[in-house]
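Report on one structure; see the data block that follows.
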Amino acid sequence: MNGEADAIDGDRYNTALVCHRWRFLACHPRLWLRVDRSVKDLSQPGVYPNIEMAVSAARPGDSILIAAGGSHRVSNIQIEKPLCLIGAGESPDDTTLICSRSSDSALEFMSTCKLANLTVRTELGCCLLHRSGKLTIDGCILQCESNPLDHLSYAIISTAGAAEVVSSALKTCNNGVSVVRTRIEGGAKAVLTSGTLSLQRVRVIYTRTSLFFWFEVEDCDKNTVEPASVELPIS
């Protein structure tokens, strides 16, 4: 079920990028939950003034479209159901989530989720804390403070290990992080892993102003992999 929801969300997001007409159809209010800081009428169905309220109201498999312009404050928001969070702007710079200095993380994931077309910026804590499930980060920008404390200088922290087998149907549902065409800026290191997860298949594209990353954080043989911090060439 989660895989089907992810496929539907991905198709809807890709459809929205094709043209303005398709974007209008794909972004119909009945298909999305929306976050709009300027909303005054809280009785509007499916529209919320902040991300925390939208996440709380969402059902497993829902997509949340976050309005572009300005910034959205986030702090230790726990996501315990499969969701897709997508920035509504033309680029990830248009939709920024800002985490306050006193927070451990901006978003904390405990289920299979996807982030797309968003900028996540943190002053001290990590941008994304991955506890369990499969997290996909597609076309985003993760920004850390340039010189934070060593133990907080990570864009992504994953504490997940091998997936627990609850039934045969869940046997192939492994924990992990998949990063696609994402900029990682600031901080001493990009990723901190623990348990049996490790960094794999890293690709980096250098441009004049940015570095774009592709990589996976996946389960490996626990006898050969130690918990580690992963240092990538961050701009």
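Letters for chains follow the order of the structure tokens (A, B, ...), residue numbers begin at 1 for each chain, and ligand numbers begin at 1 in the order shown.
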
Would you please extract all alpha helix (DSSP H) residues from stretch 24-190 of chain A, as assigned by DSSP on the backbone, and give them as a ChimeraX atom specification?
/A:24-26,51-57

Using only C-alpha atoms, which residues sit within 9 Å of stretch 80-82 of chain A once same-chain residues fewer than 4 positions away are excluded, as an MDAnalysis selection string?
chainID A and resid 2 5:6 55 58:62 108:114 133

Keeping only C-alpha atoms, write those residues as a short mmCIF file (atom, residue, chain, number, x, y, z; two decimals), in the first residue's frame.
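In the end it all went to again.cif:
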data_model
loop_
_atom_site.label_atom_id
_atom_site.label_comp_id
_atom_site.auth_asym_id
_atom_site.auth_seq_id
_atom_site.Cartn_x
_atom_site.Cartn_y
_atom_site.Cartn_z
CA ASN A 2 2.77 2.45 0.89
CA ALA A 5 0.90 5.71 -2.53
CA ASP A 6 4.51 6.72 -3.23
CA VAL A 55 1.00 16.67 9.17
CA ALA A 58 -2.93 14.08 7.04
CA ARG A 59 -3.82 10.47 6.41
CA PRO A 60 -1.25 7.85 5.36
CA GLY A 61 -0.36 8.37 1.70
CA ASP A 62 -1.38 12.06 1.57
CA GLU A 108 11.87 13.64 12.23
CA PHE A 109 10.82 10.66 10.10
CA MET A 110 9.48 7.38 11.45
CA SER A 111 7.80 6.15 8.29
CA THR A 112 8.32 5.98 4.53
CA CYS A 113 8.21 9.58 3.26
CA LYS A 114 9.32 11.85 0.44
CA GLY A 133 11.20 3.77 6.96
#

Counting only C-alpha atoms, figure out which residue out of A:Ala54, A:Val177, A:Ala67, A:Val191 gets nearest to A:Tyr154.
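For A:Tyr154, the nearest of the candidates is A:Val191.
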
In Å, how far is it from atom CA of A:Cys144 to atom CA of A:Gly125?
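Here the two named atoms are 8.1 Å from each other.
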
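The two atoms in question, atom CA of A:Gly46 and atom CA of A:Leu118, are spaced 20.0 Å apart.
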
I need the residues of stretch 15-214 of chain A that end up classed as strand (DSSP E) by DSSP on the backbone, written out as a PyMOL selection string.
chain A and resi 33-35+47-48+63-66+71-74+77-79+84-87+96-99+105-109+113-116+119-122+126-130+134-138+141-143+154-158+176-185+189-193+197-206+211-214

Measuring between only C-alpha atoms, which one of A:Ile137, A:Leu211, A:Ile156, A:Val217 shows the shortest distance to A:Val179?
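Distance minimum relative to A:Val179 lands on A:Ile137.
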
For a quick check of understanding, using only C-alpha atoms, which of A:Leu124, A:Leu107, A:Ile141, A:Ile157 has the smallest distance to A:Ile184?
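Going through A:Leu124, A:Leu107, A:Ile141, A:Ile157 one by one, the smallest distance to A:Ile184 is for A:Ile141.
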